[in-house]
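Chemist: After the structure tokens below, expect a handful of questions from me.
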Amino acid sequence: MLGQAFIVRAAILVALGALLEAALSPFLTLGWVGPKFLVLGVVVAVTNLRELQALLLGFFGGVLTDALSGGLFGVGALGGIVAAAVSVRAGAARVKGEARLVLAQAVAVAVYDLLSLFGLYLASREGPPLARYILGGVGPDVLLNAFLAYLVGGWLLKLVITKEEHWI
Amino acid sequence: MGRRKSNAVSGLAALIVLCVTSLILFTIYVKEDEQGPLHTIQLGASEVLRPVRGLFALAASPFQAASYRIEGVLDTSERKEFEEKAREYEEGAAEAARLRQENGRLRQLLEGEQASFKYAPLARIVAPVGGQLTERVVINVGTNQGVGPEQPVVVGNNILVGRTTDRVTPNTAEVMLITDRNFAAGVRLLPPQTPAEESGPGSATSRESTMAGESTRQESTAPRRSSPASLREDLASAGGSHGEGLLRTNWEGYLGVDYVDLNAGAEQGDFVVTSGRAGDRELLFPPGLLVGTVESVSSQDIDQYKKIVITPVLKPDDVQEVRVIVNW
């Protein structure tokens with residue numbers, strides 16, 4: 001079974017994703033399109049975790065992002081939960097390797113974007129029309145983040161699931 | 001088999017519980033006021049994250065400077081537009097001189113308000129704020145410098161670029177730019193010509209003004225510029241306004257003025273300044289803050305209001321340093 005070190009590494013990765021999402025992502029965002037470091041961190045980190053652990057990690061990563069980024073509280077938390085759930089489901093569907101990461105990242109980002117928009121609507125704030133946002137925002141965002149997952153996802157995964165050396 | 005089923009059930013239960021928790025957090029956040037616990041957490045986190053954001057801003061600054069240079073080289077259409085405008089001004093030298101004169105008078109009218117403005121120290125934009133659906137930045141002044149929530153943010157003396165939000169910490173403040181879709185301000189459209197000249201060069205008022213000379217004309221307007229109330233009366237009673245409306249950035253991407261009456265005489269080239277009031281109510285902004293000029297005016301028979309597109313004096317994205325008007 002997975003050791004504590006793995007869980008610690010996963011938690012650090014999610015925390016780092018939340019930090020980058022709050023501090024670096026605004027500099028790289030162009031219009032409605034930008035990297036989703038939190039989603040990437042969660043999708044990679046919850047690999048091989050049990051469902052409950054994965055969901056908790058996604059939730060707390062999302063809460064951290066909400067606190068740091070200054071957005072609508074709860075939207076990031078929901079996004080983190082969805083990212084974790086999608087990643088776990090993709091693992092259960094026996095989609096392996098980078099394909100799993102790319103697929104999970106794409107779905108999670110699409111849901112995250114839509115949650116952000118519905119969050120605005122629910123908070124009675126101005127938001128773009130849904131159809132336009134899906135075409136001009138969600139679509140390109142999914143492509144960008146899937147590409148990001150393809151580029152760095154495998155490397156991050158290796159970093160997290162490095163086998164522990166046992167000293168006897 | 002039984003264990004796997006138990007895991008699936010506990011996973012589903014956890015998913016539901018955490019989703020509900022998130023929704024509760026969302027509801028609390030939306031319903032609570034600025035001093036609520038979740039807002040306070042965000043304020044604290046923003047203060048903690050300030051050095052990190054500053055670090056990223058420092059790292060990003062060379063890239064931003066390079067992108068501005070590239071934009072300047074590639075964007076020939078804007079250059080051509082300016083050249084064309086310059087030619088037009090050369091062809092009508094007298095017309096341009098008159099417009100400059102009137103422009104000067106209008107600026108003086110606006111600057112008359114500046115005496116009563118109290119500014120916070122010059123602030124630097126530290127970093128953009130996260131979120132694809134917002135246009136906000138963080139500046140490096142806060143409550144320690146007298147900045148509070150919902151105060152106008154300007155460049156120079158009176159060019160409006162945004163307003164502070166309720167996220168103001170001792171050393172930072174979040175600014176909602178005029179390009180943010182949630183930004184709104186009551187504005188008035190002012191013609192570049194005075195009402196006297198609009199009535200024609202041969203009119204009695206115009207002749208009197210000309211005979212009296214420019215210095216006398218300035219003297220006569222000077223006392224009326226002493227207070228915001230007198231400026232409002234001046235603009236309203238002189239019939240100098242080409243209409244009033246609400247400044248907003250449309251989802252189509254242009255900055256426009258909504259709810260301008262179809263009968264209003266808005267024209268291309270009109271100045272767009274904050275009105276400072278709606279009926280008898282004082283608004284968030286003082287009167288006379290310059291936003292831009294009218295780029296186009298259009299309307300169709302079925303429209304209830306005019307469609308007015310404006311060109312901002314400054315692109316908020318290009319602004320580096322700003323000042324917050326803390327009192328007026």
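To be explicit about the labels: the chains of the structure tokens are called A, B, and onward in the order shown, and within each one the residues are counted from 1, while ligands get numbers from 1 in the order they are shown.
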Near Leu190 of chain B, counting only C-alpha atoms, which residues have an atom at most 6 Å away, once you skip same-chain residues fewer than 4 positions from it, shown as a short mmCIF file (atom, residue, chain, number, x, y, z; two decimals) with N, CA and C atoms, in the first residue's frame?
Modeler:
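Result file follows (result-v2.cif):
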```cif
data_model
loop_
_atom_site.label_atom_id
_atom_site.label_comp_id
_atom_site.auth_asym_id
_atom_site.auth_seq_id
_atom_site.Cartn_x
_atom_site.Cartn_y
_atom_site.Cartn_z
N SER B 241 -24.47 69.22 -21.81
CA SER B 241 -24.38 67.77 -21.88
C SER B 241 -25.06 67.25 -23.14
N HIS B 242 -24.45 66.21 -23.72
CA HIS B 242 -25.05 65.51 -24.86
C HIS B 242 -25.73 64.23 -24.41
N ASP B 270 -17.30 63.44 -28.61
CA ASP B 270 -17.73 63.98 -27.32
C ASP B 270 -16.86 63.41 -26.19
N PHE B 271 -16.60 64.24 -25.19
CA PHE B 271 -15.86 63.75 -24.03
C PHE B 271 -16.80 62.98 -23.12
#
```
Chemist: Please report as number ranges by chain which residues of chain B come no farther than 9 Å from chain A, using only C-alpha atoms.
Modeler: B: 7-8, 10-12, 14-15, 18-19, 21-31, 38-39, 41-46, 48-50, 52-53, 56-57, 60, 127-133, 167, 181-182, 251-252
Chemist: Which polymer residues have any atom within 9 Å of an atom of Gly269 of chain B, counting only C-alpha atoms, with same-chain residues fewer than 4 positions away left out, as a PDB file with C-alpha atoms, in the first residue's frame?
Modeler:
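Result file part.pdb:
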```pdb
ATOM      1  CA  PRO B 191     -19.383  68.187 -26.530  1.00  0.00           C
ATOM      2  CA  PRO B 192     -15.930  69.538 -27.376  1.00  0.00           C
ATOM      3  CA  THR B 293     -14.106  60.104 -26.095  1.00  0.00           C
ATOM      4  CA  VAL B 294     -17.064  58.855 -28.081  1.00  0.00           C
ATOM      5  CA  GLU B 295     -15.893  56.677 -30.964  1.00  0.00           C
ATOM      6  CA  SER B 296     -19.242  55.932 -32.541  1.00  0.00           C
ATOM      7  CA  ILE B 310     -16.079  54.983 -26.506  1.00  0.00           C
TER       8      ILE B 310
END
```
Chemist: Would you mind telling me which residue in A:Leu148, A:Leu157, A:Leu38, A:Val46 lies nearest to Tyr112 of chain A when using only C-alpha atoms?
Modeler: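 Ranking A:Leu148, A:Leu157, A:Leu38, A:Val46 by distance to Tyr112 of chain A, first place goes to A:Leu38.
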Chemist: Going by DSSP on the backbone, which residues of segment 3-100 of chain A come out as helix (DSSP H, G or I)? List them as a PyMOL selection string.
Modeler: chain A and resi 4-23+25-28+37-45+51-69+75-92+97-100
Chemist: Compare A:Gly41, A:Gly139, A:Gly3, A:Gly17 by their minimum atom-to-atom distance to Gly153 of chain A, counting only C-alpha atoms, and give me the closest one.
Modeler: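 The answer is A:Gly41, which sits nearest to Gly153 of chain A.
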Chemist: Which neighbours of Arg163 of chain B fall inside 12 Å, counting only C-alpha atoms, when residues of the same chain fewer than 6 positions from it are skipped, and could you give them as a tab-separated table (two decimals) with C-alpha atoms, in the first residue's frame?
Modeler:
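Generated file (out_24.tsv):
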```
chain	number	residue	atom	x	y	z
B	135	GLU	CA	-10.10	42.52	-14.86
B	136	ARG	CA	-8.53	43.47	-11.56
B	137	VAL	CA	-5.09	44.40	-10.29
B	138	VAL	CA	-3.41	44.86	-6.94
B	139	ILE	CA	-1.69	48.16	-6.10
B	147	VAL	CA	-7.01	54.16	0.92
B	148	GLY	CA	-10.45	52.67	1.54
B	149	PRO	CA	-12.93	50.51	-0.32
B	150	GLU	CA	-14.74	51.81	-3.38
B	151	GLN	CA	-12.63	54.86	-4.12
B	152	PRO	CA	-11.83	56.13	-7.63
B	153	VAL	CA	-8.45	55.22	-9.10
B	154	VAL	CA	-6.98	57.65	-11.60
B	155	VAL	CA	-3.93	58.27	-13.71
B	173	ALA	CA	-5.66	47.40	-2.46
B	174	GLU	CA	-7.48	45.53	-5.18
B	175	VAL	CA	-8.58	47.69	-8.10
B	176	MET	CA	-11.43	46.84	-10.43
B	177	LEU	CA	-10.47	48.28	-13.83
B	178	ILE	CA	-12.98	50.03	-16.05
B	179	THR	CA	-12.68	47.10	-18.45
B	180	ASP	CA	-14.06	44.69	-15.82
B	182	ASN	CA	-18.81	44.41	-13.26
B	183	PHE	CA	-17.55	48.00	-13.38
B	184	ALA	CA	-20.17	50.68	-13.84
B	185	ALA	CA	-20.13	54.44	-13.50
B	284	LEU	CA	-19.32	56.50	-6.18
B	285	PHE	CA	-17.28	58.90	-8.30
B	286	PRO	CA	-16.86	62.65	-8.16
B	316	PRO	CA	-6.00	50.17	-18.33
B	322	VAL	CA	-1.99	55.16	-10.44
B	323	ARG	CA	-3.38	57.35	-7.68
B	324	VAL	CA	-6.41	56.78	-5.51
B	325	ILE	CA	-8.70	59.71	-4.81
B	326	VAL	CA	-9.37	59.28	-1.11
```
Chemist: Please report the interatomic distance between atom CA of Val44 of chain A and atom CA of Ile16 of chain B in Å with one decimal.
Modeler: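 Computed distance, atom CA of Val44 of chain A to atom CA of Ile16 of chain B, equals 22.2 Å.
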Chemist: Could you state the separation of atom CA of Pro312 of chain B and atom CA of Gly136 of chain A in Å, given to one decimal place?
Modeler: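 That distance, rounded to one decimal, is 24.6 Å.
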